[in-house]
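Coordinates as given in upload-v2.tsv (TSV, C-alpha atoms):
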```tsv
chain	number	residue	atom	x	y	z
A	172	MET	CA	-50.36	-51.27	-100.77
A	173	PRO	CA	-52.95	-52.73	-98.45
A	174	VAL	CA	-53.77	-56.32	-99.13
A	175	LYS	CA	-57.05	-57.66	-97.89
A	176	GLY	CA	-58.73	-60.88	-98.77
A	177	SER	CA	-57.09	-63.34	-101.05
A	178	GLU	CA	-59.32	-63.26	-104.09
A	179	GLU	CA	-58.05	-60.12	-105.75
A	180	LEU	CA	-54.31	-59.90	-105.72
A	181	PRO	CA	-53.01	-56.43	-106.46
A	182	GLY	CA	-50.80	-56.78	-109.44
A	183	PRO	CA	-47.50	-58.59	-109.66
A	184	ALA	CA	-45.92	-59.99	-106.54
A	185	ASP	CA	-43.17	-58.14	-104.72
A	186	VAL	CA	-41.14	-61.29	-104.28
A	187	GLU	CA	-41.20	-64.50	-106.23
A	188	LEU	CA	-39.49	-67.74	-105.45
A	189	ARG	CA	-39.35	-70.79	-107.64
A	190	LEU	CA	-38.32	-74.06	-106.03
A	191	PRO	CA	-38.27	-77.70	-107.02
A	192	ALA	CA	-41.48	-79.28	-105.74
A	193	ALA	CA	-39.75	-81.48	-103.20
A	194	GLY	CA	-39.98	-81.70	-99.45
A	195	ALA	CA	-36.38	-80.75	-98.93
A	196	TYR	CA	-36.99	-77.26	-100.32
A	197	VAL	CA	-39.90	-76.43	-98.09
A	198	SER	CA	-37.51	-75.26	-95.42
A	199	VAL	CA	-36.05	-72.77	-97.88
A	200	LEU	CA	-39.52	-71.44	-98.49
A	201	ARG	CA	-40.21	-71.20	-94.81
A	202	THR	CA	-36.96	-69.43	-94.15
A	203	THR	CA	-37.59	-66.94	-96.91
A	204	THR	CA	-41.05	-66.27	-95.59
A	205	ALA	CA	-39.73	-65.69	-92.09
A	206	GLY	CA	-37.07	-63.33	-93.41
A	207	LEU	CA	-39.64	-61.27	-95.26
A	208	ALA	CA	-42.01	-61.19	-92.33
A	209	ALA	CA	-39.23	-59.94	-90.08
A	210	ARG	CA	-38.77	-56.99	-92.38
A	211	LEU	CA	-42.47	-56.22	-92.23
A	212	ASP	CA	-42.24	-55.92	-88.47
A	213	PHE	CA	-44.16	-59.06	-87.65
A	214	THR	CA	-43.71	-60.23	-84.09
A	215	LEU	CA	-41.77	-63.41	-83.41
A	216	ASP	CA	-45.03	-65.24	-82.76
A	217	ASP	CA	-46.48	-63.95	-86.01
A	218	ILE	CA	-43.37	-65.06	-87.82
A	219	GLU	CA	-43.55	-68.53	-86.33
A	220	ASP	CA	-47.23	-68.79	-87.25
A	221	LEU	CA	-46.61	-67.65	-90.75
A	222	ARG	CA	-43.63	-69.93	-91.13
A	223	MET	CA	-45.79	-72.83	-90.10
A	224	ALA	CA	-48.72	-71.81	-92.27
A	225	VAL	CA	-46.54	-71.54	-95.34
A	226	GLY	CA	-45.01	-74.90	-94.51
A	227	GLU	CA	-48.47	-76.43	-94.42
A	228	ALA	CA	-49.45	-74.75	-97.66
A	229	ALA	CA	-46.36	-76.19	-99.28
A	230	ALA	CA	-47.06	-79.61	-97.81
A	231	LEU	CA	-50.56	-79.51	-99.26
A	232	ALA	CA	-49.27	-78.41	-102.61
A	233	LEU	CA	-46.55	-81.05	-102.69
A	234	GLU	CA	-49.06	-83.76	-101.99
A	235	VAL	CA	-50.82	-83.17	-105.28
A	236	ALA	CA	-47.99	-81.69	-107.32
A	237	ASP	CA	-47.08	-83.29	-110.62
A	238	GLU	CA	-43.77	-84.98	-110.92
A	239	ASP	CA	-40.71	-82.86	-111.67
A	240	THR	CA	-42.58	-79.65	-111.39
A	241	ASP	CA	-41.87	-76.47	-109.52
A	242	LEU	CA	-43.34	-74.78	-106.55
A	243	ILE	CA	-43.84	-71.10	-107.09
A	244	ALA	CA	-44.20	-68.93	-104.09
A	245	ARG	CA	-45.20	-65.32	-104.48
A	246	PHE	CA	-45.25	-62.72	-101.78
A	247	TRP	CA	-47.16	-59.47	-101.67
A	248	LEU	CA	-45.76	-57.29	-98.98
A	249	GLY	CA	-48.03	-54.79	-97.31
A	250	ASP	CA	-48.01	-52.64	-94.25
A	251	ARG	CA	-47.52	-55.28	-91.55
A	252	THR	CA	-49.43	-57.73	-93.67
A	253	MET	CA	-48.33	-60.28	-96.17
A	254	THR	CA	-50.09	-62.34	-98.78
A	255	VAL	CA	-48.42	-65.53	-99.82
A	256	SER	CA	-49.42	-67.70	-102.70
A	257	VAL	CA	-47.99	-71.16	-103.17
A	258	ALA	CA	-48.76	-72.63	-106.56
A	259	THR	CA	-47.83	-75.74	-108.45
A	260	ASP	CA	-48.91	-77.86	-111.40
A	261	ALA	CA	-51.35	-80.47	-110.21
A	262	THR	CA	-53.04	-82.01	-113.18
A	263	GLY	CA	-53.88	-85.25	-111.38
A	264	SER	CA	-55.80	-84.00	-108.41
A	265	ALA	CA	-58.86	-81.81	-108.50
A	266	SER	CA	-58.59	-80.07	-105.20
A	267	ILE	CA	-57.05	-80.25	-101.79
A	268	ASP	CA	-58.65	-81.92	-98.85
A	269	GLU	CA	-60.14	-79.22	-96.67
A	270	ASP	CA	-60.67	-81.65	-93.84
A	271	SER	CA	-56.99	-82.43	-93.69
A	272	PHE	CA	-54.88	-81.58	-90.74
A	273	ALA	CA	-52.63	-79.38	-92.84
A	274	TRP	CA	-55.52	-77.28	-94.09
A	275	GLN	CA	-56.89	-76.90	-90.58
A	276	VAL	CA	-53.54	-75.70	-89.34
A	277	LEU	CA	-53.18	-73.37	-92.27
A	278	THR	CA	-56.58	-71.74	-91.83
A	279	THR	CA	-56.06	-71.44	-88.11
A	280	LEU	CA	-52.73	-69.72	-88.43
A	281	ALA	CA	-53.48	-67.40	-91.31
A	282	ALA	CA	-55.88	-64.47	-91.23
A	283	SER	CA	-57.50	-65.94	-94.30
A	284	ALA	CA	-56.71	-68.68	-96.74
A	285	SER	CA	-58.09	-70.04	-99.95
A	286	ALA	CA	-57.23	-72.73	-102.42
A	287	THR	CA	-58.15	-72.72	-106.05
A	288	THR	CA	-57.57	-75.18	-108.82
A	289	ASP	CA	-57.68	-73.85	-112.31
A	290	ALA	CA	-56.63	-75.70	-115.44
A	291	GLY	CA	-54.44	-78.14	-113.57
A	292	ARG	CA	-52.87	-75.49	-111.45
A	293	LEU	CA	-53.28	-75.45	-107.71
A	294	ASP	CA	-52.90	-72.14	-105.93
A	295	ILE	CA	-53.03	-71.82	-102.19
A	296	THR	CA	-53.17	-68.25	-101.02
A	297	LEU	CA	-53.00	-67.07	-97.50
A	298	VAL	CA	-52.98	-63.70	-95.83
A	299	ALA	CA	-51.09	-63.06	-92.64
A	300	GLU	CA	-51.35	-59.99	-90.51
A	301	ALA	CA	-48.98	-58.81	-87.84
A	302	THR	CA	-50.18	-58.36	-84.30
A	303	PRO	CA	-50.88	-54.67	-83.61
A	304	LEU	CA	-47.92	-53.14	-81.84
A	305	GLU	CA	-49.93	-51.27	-79.21
A	306	ALA	CA	-49.81	-53.42	-76.13
A	307	ALA	CA	-52.28	-56.15	-76.90
A	308	LEU	CA	-54.26	-57.38	-73.98
B	295	MET	CA	-8.39	-64.92	-88.85
B	296	THR	CA	-5.68	-62.41	-89.35
B	297	ASP	CA	-2.74	-64.31	-87.98
B	298	GLU	CA	0.06	-65.18	-90.29
B	299	PRO	CA	0.13	-68.69	-91.59
B	300	THR	CA	3.23	-70.33	-90.29
B	301	ARG	CA	5.11	-72.64	-92.57
B	302	ASP	CA	5.94	-75.21	-90.02
B	303	GLU	CA	2.78	-75.44	-88.02
B	304	LEU	CA	2.29	-79.07	-88.92
B	305	VAL	CA	5.86	-80.07	-88.30
B	306	ASP	CA	7.24	-80.32	-84.84
B	307	PRO	CA	9.52	-77.39	-84.28
B	308	PRO	CA	13.17	-78.37	-83.91
B	309	ARG	CA	14.47	-78.99	-80.44
B	310	SER	CA	15.96	-75.83	-79.10
B	311	PRO	CA	17.68	-75.01	-75.83
B	312	ALA	CA	14.50	-73.19	-74.83
B	313	MET	CA	12.50	-76.35	-75.34
B	314	GLU	CA	14.94	-78.38	-73.37
B	315	GLU	CA	14.51	-75.89	-70.59
B	316	THR	CA	10.72	-76.24	-70.83
B	317	ARG	CA	10.99	-80.00	-70.61
B	318	ARG	CA	13.25	-79.78	-67.61
B	319	ARG	CA	10.95	-77.39	-65.78
B	320	SER	CA	7.89	-79.38	-66.67
B	321	ALA	CA	9.40	-82.56	-65.28
B	322	ALA	CA	10.45	-80.75	-62.10
B	323	LEU	CA	6.97	-79.31	-61.64
B	324	PHE	CA	5.35	-82.68	-62.06
B	325	VAL	CA	7.61	-84.11	-59.43
B	326	GLU	CA	6.51	-81.30	-57.18
B	327	LEU	CA	2.86	-81.81	-58.11
B	328	SER	CA	2.87	-85.50	-57.37
B	329	ALA	CA	4.92	-85.29	-54.21
B	330	PRO	CA	2.99	-87.08	-51.48
B	331	ASP	CA	3.47	-84.32	-48.93
B	332	VAL	CA	2.66	-81.39	-51.20
B	333	SER	CA	0.63	-78.62	-49.58
B	334	PRO	CA	-2.57	-77.53	-51.33
B	335	ALA	CA	-1.06	-74.12	-52.02
B	336	ALA	CA	2.07	-75.59	-53.54
B	337	HIS	CA	-0.01	-78.02	-55.55
B	338	THR	CA	-2.12	-75.22	-56.99
B	339	HIS	CA	0.97	-73.22	-57.74
B	340	ALA	CA	2.71	-76.07	-59.52
B	341	ARG	CA	-0.40	-76.83	-61.52
B	342	GLU	CA	-0.72	-73.23	-62.58
B	343	GLN	CA	2.92	-73.09	-63.59
B	344	LEU	CA	2.51	-76.21	-65.63
B	345	VAL	CA	-0.49	-74.83	-67.47
B	346	HIS	CA	1.33	-71.62	-68.25
B	347	LEU	CA	4.39	-73.50	-69.33
B	348	HIS	CA	2.46	-75.57	-71.85
B	349	LEU	CA	0.12	-72.92	-73.20
B	350	PRO	CA	2.24	-72.61	-76.35
B	351	LEU	CA	1.45	-76.25	-77.00
B	352	VAL	CA	-2.27	-75.45	-76.90
B	353	GLU	CA	-1.77	-72.58	-79.28
B	354	HIS	CA	0.17	-74.84	-81.56
B	355	CYS	CA	-2.64	-77.38	-81.58
B	356	ALA	CA	-5.36	-74.76	-81.96
B	357	ARG	CA	-3.63	-73.29	-84.98
B	358	ARG	CA	-4.06	-76.55	-86.80
B	359	PHE	CA	-7.79	-75.98	-86.69
B	360	ARG	CA	-7.71	-72.44	-87.86
B	361	ASN	CA	-9.80	-71.35	-90.83
B	362	ARG	CA	-12.58	-73.72	-90.03
B	363	GLY	CA	-14.93	-70.96	-89.03
B	364	GLU	CA	-14.15	-70.77	-85.35
B	365	PRO	CA	-12.20	-67.88	-83.85
B	366	LEU	CA	-8.70	-68.95	-82.83
B	367	GLU	CA	-9.23	-67.60	-79.32
B	368	ASP	CA	-12.15	-69.97	-78.81
B	369	LEU	CA	-10.03	-72.88	-79.95
B	370	VAL	CA	-7.23	-71.90	-77.62
B	371	GLN	CA	-9.72	-71.67	-74.82
B	372	VAL	CA	-11.19	-75.12	-75.27
B	373	GLY	CA	-7.71	-76.47	-75.94
B	374	THR	CA	-6.64	-75.11	-72.59
B	375	ILE	CA	-9.39	-77.13	-70.98
B	376	GLY	CA	-7.79	-80.14	-72.62
B	377	LEU	CA	-4.45	-79.07	-71.22
B	378	LEU	CA	-5.88	-78.80	-67.72
B	379	LYS	CA	-7.30	-82.29	-68.00
B	380	ALA	CA	-3.96	-83.58	-69.23
B	381	VAL	CA	-2.10	-81.95	-66.35
B	382	ASP	CA	-4.48	-83.50	-63.86
B	383	ARG	CA	-4.32	-86.95	-65.39
B	384	PHE	CA	-0.65	-87.12	-66.27
B	385	ASP	CA	1.21	-89.87	-64.49
B	386	ASN	CA	4.80	-88.93	-63.98
B	387	GLU	CA	5.83	-92.56	-63.48
B	388	ARG	CA	4.97	-93.57	-67.02
B	389	GLY	CA	8.15	-92.13	-68.40
B	390	VAL	CA	6.50	-90.40	-71.33
B	391	GLU	CA	7.01	-86.81	-72.24
B	392	PHE	CA	4.13	-84.65	-70.99
B	393	SER	CA	3.69	-82.97	-74.37
B	394	THR	CA	3.30	-86.40	-75.97
B	395	TYR	CA	0.60	-87.22	-73.49
B	396	ALA	CA	-1.15	-83.85	-73.62
B	397	THR	CA	-1.37	-83.31	-77.36
B	398	PRO	CA	-4.12	-85.87	-78.05
B	399	THR	CA	-6.11	-84.62	-75.09
B	400	ILE	CA	-5.91	-81.04	-76.26
B	401	ILE	CA	-6.77	-81.92	-79.83
B	402	GLY	CA	-9.61	-84.10	-78.61
B	403	GLU	CA	-11.05	-81.19	-76.72
B	404	ILE	CA	-10.83	-78.93	-79.75
B	405	LYS	CA	-12.49	-81.54	-81.93
B	406	ARG	CA	-15.24	-81.93	-79.42
B	407	HIS	CA	-15.75	-78.22	-79.64
B	408	PHE	CA	-16.34	-78.61	-83.35
B	409	ARG	CA	-18.85	-81.34	-82.84
B	410	ASP	CA	-20.65	-78.92	-80.56
B	411	LYS	CA	-23.36	-80.97	-79.03
B	412	GLY	CA	-26.66	-80.96	-80.79
B	413	TRP	CA	-26.17	-78.55	-83.63
B	414	ALA	CA	-27.32	-80.14	-86.84
B	415	ILE	CA	-25.66	-77.54	-88.94
B	416	ARG	CA	-22.52	-76.22	-87.39
B	417	VAL	CA	-23.52	-72.78	-86.26
B	418	PRO	CA	-20.74	-70.37	-85.39
B	419	ARG	CA	-20.38	-69.59	-81.72
B	420	ARG	CA	-21.22	-65.96	-82.40
B	421	LEU	CA	-24.65	-67.01	-83.66
B	422	GLN	CA	-25.21	-69.44	-80.84
B	423	GLU	CA	-24.57	-66.65	-78.40
B	424	LEU	CA	-26.81	-64.29	-80.33
B	425	ARG	CA	-29.49	-66.91	-80.31
B	426	MET	CA	-29.32	-67.21	-76.55
B	427	GLN	CA	-29.40	-63.45	-76.26
B	428	ILE	CA	-32.46	-63.34	-78.50
B	429	GLY	CA	-34.11	-65.93	-76.32
B	430	ALA	CA	-33.49	-64.02	-73.13
B	431	THR	CA	-34.32	-60.61	-74.56
B	432	SER	CA	-37.45	-61.85	-76.23
B	433	ALA	CA	-38.72	-63.29	-72.95
B	434	GLU	CA	-38.02	-59.98	-71.31
B	435	LEU	CA	-39.74	-57.95	-74.01
B	436	THR	CA	-42.71	-60.28	-74.14
B	437	GLN	CA	-43.21	-59.59	-70.48
B	438	ALA	CA	-42.86	-55.85	-70.92
B	439	LEU	CA	-44.99	-55.50	-74.06
B	440	GLY	CA	-47.69	-58.04	-73.40
B	441	ARG	CA	-47.04	-59.61	-76.79
B	442	SER	CA	-44.10	-61.15	-78.55
B	443	PRO	CA	-41.56	-58.62	-79.80
B	444	THR	CA	-40.74	-57.88	-83.41
B	445	PRO	CA	-37.24	-58.47	-84.73
B	446	ARG	CA	-36.84	-54.70	-84.93
B	447	GLU	CA	-37.61	-54.29	-81.26
B	448	LEU	CA	-35.19	-57.10	-80.43
B	449	ALA	CA	-32.50	-55.53	-82.54
B	450	GLU	CA	-32.94	-52.19	-80.80
B	451	LYS	CA	-32.80	-53.78	-77.40
B	452	ILE	CA	-29.79	-55.97	-78.12
B	453	GLY	CA	-28.05	-53.35	-80.18
B	454	CYS	CA	-27.64	-55.25	-83.42
B	455	THR	CA	-29.30	-55.17	-86.82
B	456	VAL	CA	-32.59	-56.75	-87.86
B	457	GLU	CA	-30.53	-58.87	-90.27
B	458	GLU	CA	-28.59	-60.33	-87.39
B	459	ILE	CA	-31.78	-61.13	-85.53
B	460	VAL	CA	-33.18	-62.93	-88.55
B	461	GLU	CA	-29.91	-64.79	-88.87
B	462	GLY	CA	-30.00	-65.68	-85.20
B	463	LEU	CA	-33.54	-66.97	-85.46
B	464	GLU	CA	-32.57	-69.13	-88.40
B	465	SER	CA	-29.65	-70.58	-86.53
B	466	GLY	CA	-32.09	-71.38	-83.78
B	467	ASN	CA	-33.91	-73.58	-86.22
B	468	ALA	CA	-30.72	-75.45	-86.92
B	469	TYR	CA	-30.43	-76.21	-83.28
B	470	SER	CA	-33.54	-78.33	-82.94
B	471	THR	CA	-32.15	-80.88	-85.30
B	472	LEU	CA	-34.98	-82.22	-87.42
B	473	SER	CA	-37.28	-79.95	-89.29
B	474	LEU	CA	-40.68	-81.50	-89.78
B	475	ASP	CA	-40.60	-80.91	-93.48
B	476	ALA	CA	-36.92	-81.41	-94.12
B	477	GLY	CA	-37.76	-84.48	-96.11
B	478	ASP	CA	-35.59	-87.53	-96.35
B	479	ASP	CA	-34.35	-86.58	-99.77
B	480	ASN	CA	-36.13	-89.31	-101.62
B	481	ASP	CA	-37.57	-87.97	-104.80
B	482	ASP	CA	-41.19	-88.96	-104.51
B	483	GLY	CA	-41.94	-85.46	-103.28
B	484	ALA	CA	-44.08	-86.75	-100.48
B	485	ALA	CA	-45.19	-84.26	-97.88
B	486	THR	CA	-43.10	-85.57	-95.07
B	487	MET	CA	-44.77	-83.40	-92.48
B	488	LEU	CA	-48.10	-85.01	-93.18
B	489	ASP	CA	-46.57	-88.44	-93.18
B	490	ALA	CA	-45.33	-87.79	-89.73
B	491	ILE	CA	-48.64	-86.55	-88.45
B	492	GLY	CA	-50.99	-88.87	-90.25
B	493	SER	CA	-51.54	-91.44	-87.54
B	494	GLU	CA	-54.21	-91.25	-84.88
B	495	ASP	CA	-52.82	-90.48	-81.48
B	496	GLU	CA	-53.82	-93.29	-79.20
B	497	SER	CA	-53.13	-91.32	-76.08
B	498	LEU	CA	-55.91	-88.94	-77.08
B	499	GLU	CA	-58.36	-91.73	-76.65
B	500	HIS	CA	-56.70	-92.61	-73.40
B	501	VAL	CA	-57.34	-89.14	-72.11
B	502	GLU	CA	-61.02	-89.70	-72.49
B	503	ILE	CA	-60.92	-93.05	-70.75
B	504	ARG	CA	-58.75	-91.66	-68.03
B	505	GLU	CA	-61.15	-88.83	-67.43
B	506	SER	CA	-64.20	-91.02	-67.21
B	507	ILE	CA	-62.44	-93.55	-65.02
B	508	LYS	CA	-61.43	-90.98	-62.44
B	509	PRO	CA	-64.73	-90.78	-60.55
B	510	LEU	CA	-64.97	-94.57	-60.63
B	511	LEU	CA	-61.55	-94.92	-59.07
B	512	ASP	CA	-62.46	-92.44	-56.42
B	513	ALA	CA	-65.43	-94.57	-55.49
B	514	LEU	CA	-63.24	-97.62	-54.90
B	515	GLY	CA	-62.29	-98.83	-51.47
B	516	ASP	CA	-58.86	-97.95	-50.17
B	517	ARG	CA	-57.50	-101.45	-50.49
B	518	GLU	CA	-58.76	-101.86	-54.06
B	519	LYS	CA	-57.30	-98.53	-54.98
B	520	LYS	CA	-53.97	-99.46	-53.51
B	521	ILE	CA	-53.86	-102.76	-55.34
B	522	LEU	CA	-54.60	-101.06	-58.65
B	523	LEU	CA	-51.93	-98.50	-57.97
B	524	LEU	CA	-49.30	-101.05	-57.11
B	525	ARG	CA	-50.17	-103.26	-60.03
B	526	PHE	CA	-50.50	-100.73	-62.82
B	527	PHE	CA	-48.47	-97.75	-61.74
B	528	ARG	CA	-45.67	-99.41	-59.82
B	529	ASN	CA	-45.75	-102.46	-62.05
B	530	MET	CA	-45.54	-104.82	-59.10
B	531	THR	CA	-46.47	-108.45	-59.50
B	532	GLN	CA	-49.42	-109.88	-57.67
B	533	SER	CA	-47.10	-111.72	-55.28
B	534	GLN	CA	-45.25	-108.53	-54.50
B	535	ILE	CA	-48.53	-106.78	-53.84
B	536	ALA	CA	-49.61	-109.65	-51.63
B	537	ALA	CA	-46.47	-109.25	-49.57
B	538	GLU	CA	-46.93	-105.51	-49.47
B	539	ILE	CA	-50.48	-105.47	-48.12
B	540	GLY	CA	-50.27	-108.71	-46.20
B	541	VAL	CA	-52.76	-110.99	-47.95
B	542	SER	CA	-52.30	-114.04	-50.13
B	543	GLN	CA	-51.51	-113.75	-53.80
B	544	MET	CA	-54.76	-115.56	-54.60
B	545	HIS	CA	-56.63	-112.94	-52.70
B	546	VAL	CA	-54.87	-110.17	-54.60
B	547	SER	CA	-55.78	-111.87	-57.83
B	548	ARG	CA	-59.44	-112.10	-56.85
B	549	LEU	CA	-59.58	-108.51	-55.63
B	550	LEU	CA	-57.86	-107.29	-58.74
B	551	SER	CA	-60.12	-109.05	-61.20
B	552	ARG	CA	-63.19	-108.05	-59.24
B	553	THR	CA	-62.11	-104.42	-59.23
B	554	LEU	CA	-61.32	-104.46	-62.93
B	555	ASP	CA	-64.64	-106.12	-63.75
B	556	HIS	CA	-66.39	-103.53	-61.70
B	557	LEU	CA	-64.61	-100.69	-63.45
B	558	ARG	CA	-65.25	-102.17	-66.88
B	559	THR	CA	-68.98	-102.56	-66.38
B	560	ALA	CA	-69.22	-99.14	-64.81
B	561	LEU	CA	-67.43	-97.62	-67.78
B	562	GLU	CA	-69.62	-99.41	-70.28
B	563	THR	CA	-72.89	-98.46	-68.64
B	564	ASP	CA	-71.74	-94.86	-68.54
```

What would the structure in this file look like if it were written as structure tokens?
Amino acid sequence: MPVKGSEELPGPADVELRLPAAGAYVSVLRTTTAGLAARLDFTLDDIEDLRMAVGEAAALALEVADEDTDLIARFWLGDRTMTVSVATDATGSASIDEDSFAWQVLTTLAASASATTDAGRLDITLVAEATPLEAAL
Amino acid sequence: MTDEPTRDELVDPPRSPAMEETRRRSAALFVELSAPDVSPAAHTHAREQLVHLHLPLVEHCARRFRNRGEPLEDLVQVGTIGLLKAVDRFDNERGVEFSTYATPTIIGEIKRHFRDKGWAIRVPRRLQELRMQIGATSAELTQALGRSPTPRELAEKIGCTVEEIVEGLESGNAYSTLSLDAGDDNDDGAATMLDAIGSEDESLEHVEIRESIKPLLDALGDREKKILLLRFFRNMTQSQIAAEIGVSQMHVSRLLSRTLDHLRTALETD
């Protein structure tokens, strides 16, 4: 199932992960992401990029997350592409700061990224694509 | 981890004639080892004999640390290093039994092995080795492919499974102790990564200044340049500089302030 763009997500996620919205669990999220990416034949660099991007997405989400809420990560696995959505309840804050360092890093590392806030729910979605395997020059 | 648990591994085995024999031989070998006129060959021989003689002691010590996730052979190996150290340091004149002296050294070496420098989470040796192999192979493949390899390619090259590669990569993350977003476990849910990065990097600004000051420095006279260098890069005092270039300290002071004034105005008018 090819996944392009982050607006229209094709049906239910292939993998879902619910974590306490706390900094200590971000590493679990990053590890999971890396594990999935490895199975999609991402290169090590791609995996590192994605790991970092997801970490930033989580950091952004945690900054505005309500207290005692969860972080829900969903993964759509495609053919050497992955869409990751990190969502949390954020009733207090309207949106994330797109000038922030974290967002800059995130958009640089991911093929595309978007953040939406809808009814007190923040959803950061990013798409990562693996480097083509033909010798890239 | 298949060896039989022995009942008495924590208790000293009873003295047997065999042990008495070991003690006797050990003492004799140490006499030989520490003889003032010992030839290098005889010394090496005696040392080797001693190590062989006391290997069971190492095994005995290593067994105490079994079932802690390290292969027994590894423990015996590091324990043997402890034994070697003990043999080399043992002073025959002290009148203590060698085994009494060696045991703490051997156990110390094994414990050190468990502390295994730098690993935040204790990663089994197997994974540490795999991680190194991944590092080397990935450098090799990056060169060959013109891009970084995928875990699958690494697995094929190394001859293990993708799972093992993923595991190895994870263990690599345990090696560089602090994860940026590990959090300090306080419950305010703060994004620790951002906290860490939030401050302006002063040295960035310095880069700019350094770059614009370069041509100005180049335009300085040799003596001025040298004084600046000695003062700010070698951290010498004005008096030391004076001695170095053979003028008075007052003169250094004047030259220095004049040079700095000059640089400052030049930078500002830029």

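Going from CA of Val381 in chain B to CA of Arg360 in chain B covers 24.2 Å.
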
Students should find that CA of Asp217 in chain A and CA of Pro191 in chain A are spaced 26.4 Å

Write out as JSON lines a residue-level contact list of chain A versus chain B with cut-off 7 Å: for each qualifying residue the closest pair of atoms and the distance in Å to one decimal, counting all atoms listed in the file, rows sorted by chain and residue number upward.
```
{"residue": "A:Ala192", "atom": "CA", "partner": "B:Gly483", "partner_atom": "CA", "distance": 6.7}
{"residue": "A:Ala193", "atom": "CA", "partner": "B:Gly483", "partner_atom": "CA", "distance": 4.5}
{"residue": "A:Gly194", "atom": "CA", "partner": "B:Gly477", "partner_atom": "CA", "distance": 4.9}
{"residue": "A:Ala195", "atom": "CA", "partner": "B:Gly477", "partner_atom": "CA", "distance": 4.9}
{"residue": "A:Val197", "atom": "CA", "partner": "B:Asp475", "partner_atom": "CA", "distance": 6.5}
{"residue": "A:Ser198", "atom": "CA", "partner": "B:Ala476", "partner_atom": "CA", "distance": 6.3}
{"residue": "A:Gly206", "atom": "CA", "partner": "B:Val460", "partner_atom": "CA", "distance": 6.2}
{"residue": "A:Ala209", "atom": "CA", "partner": "B:Pro445", "partner_atom": "CA", "distance": 5.9}
{"residue": "A:Asp212", "atom": "CA", "partner": "B:Thr444", "partner_atom": "CA", "distance": 5.6}
{"residue": "A:Phe213", "atom": "CA", "partner": "B:Thr444", "partner_atom": "CA", "distance": 5.6}
{"residue": "A:Thr214", "atom": "CA", "partner": "B:Thr444", "partner_atom": "CA", "distance": 3.8}
{"residue": "A:Leu215", "atom": "CA", "partner": "B:Thr444", "partner_atom": "CA", "distance": 5.6}
{"residue": "A:Asp216", "atom": "CA", "partner": "B:Ser442", "partner_atom": "CA", "distance": 5.9}
{"residue": "A:Ala230", "atom": "CA", "partner": "B:Ala485", "partner_atom": "CA", "distance": 5.0}
{"residue": "A:Leu233", "atom": "CA", "partner": "B:Ala485", "partner_atom": "CA", "distance": 5.9}
{"residue": "A:Glu234", "atom": "CA", "partner": "B:Ala485", "partner_atom": "CA", "distance": 5.7}
{"residue": "A:Ala306", "atom": "CA", "partner": "B:Leu439", "partner_atom": "CA", "distance": 5.6}
{"residue": "A:Ala307", "atom": "CA", "partner": "B:Gly440", "partner_atom": "CA", "distance": 6.1}
{"residue": "A:Leu308", "atom": "CA", "partner": "B:Gly440", "partner_atom": "CA", "distance": 6.6}
```

Do you have the CA of Ser266 in chain A-CA of Ala208 in chain A distance handy?
-> 28.2 Å

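If only C-alpha atoms are the atoms counted, then among A:Ala229, A:Ala261, A:Ala224, A:Leu304 the closest residue to Ser283 in chain A is A:Ala224.
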
If we count only C-alpha atoms and set the cut-off at 12 Å, which residues sit around range 537-539 of chain B, ignoring sequence neighbours fewer than 3 positions away in its own chain? Please answer as a compact mmCIF listing (two decimals) with C-alpha atoms, in the frame of the given file.
```txt
# COMPACT_ATOMS: atom_id res chain seq x y z
CA ASP B 516 -58.86 -97.95 -50.17
CA ARG B 517 -57.50 -101.45 -50.49
CA GLU B 518 -58.76 -101.86 -54.06
CA LYS B 519 -57.30 -98.53 -54.98
CA LYS B 520 -53.97 -99.46 -53.51
CA ILE B 521 -53.86 -102.76 -55.34
CA LEU B 524 -49.30 -101.05 -57.11
CA ARG B 525 -50.17 -103.26 -60.03
CA MET B 530 -45.54 -104.82 -59.10
CA THR B 531 -46.47 -108.45 -59.50
CA GLN B 532 -49.42 -109.88 -57.67
CA SER B 533 -47.10 -111.72 -55.28
CA GLN B 534 -45.25 -108.53 -54.50
CA SER B 542 -52.30 -114.04 -50.13
CA GLN B 543 -51.51 -113.75 -53.80
CA MET B 544 -54.76 -115.56 -54.60
CA HIS B 545 -56.63 -112.94 -52.70
CA VAL B 546 -54.87 -110.17 -54.60
```

For range 309-318 of chain B, please output as an MDAnalysis selection string all residues within 9 Å (counting all atoms listed in the file; exclusion window: fewer than 5 positions along the same chain).
-> chainID B and resid 323 347:348 391:393

Could you list as number ranges by chain every residue that has an atom within 8 Å of (-61.6, -93.0, -66.5), using the file's coordinates and counting only C-alpha atoms?
-> B: 502-511, 561

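In terms of minimum interatomic distance to Gly249 in chain A, A:Leu207 ranks closest within A:Leu188, A:Leu200, A:Leu207, A:Val235, counting only C-alpha atoms.
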
Select, counting all atoms listed in the file, all protein, DNA and RNA residues no farther than 7 Å from (-54.1, -71.9, -99.5) in file coordinates, and express the selection as a ChimeraX atom specification.
-> /A:228,284-286,294-297

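Closest approach to Phe526 in chain B among B:Leu550, B:Gln427, B:Phe408, B:Gly540: B:Leu550, based on only C-alpha atoms.
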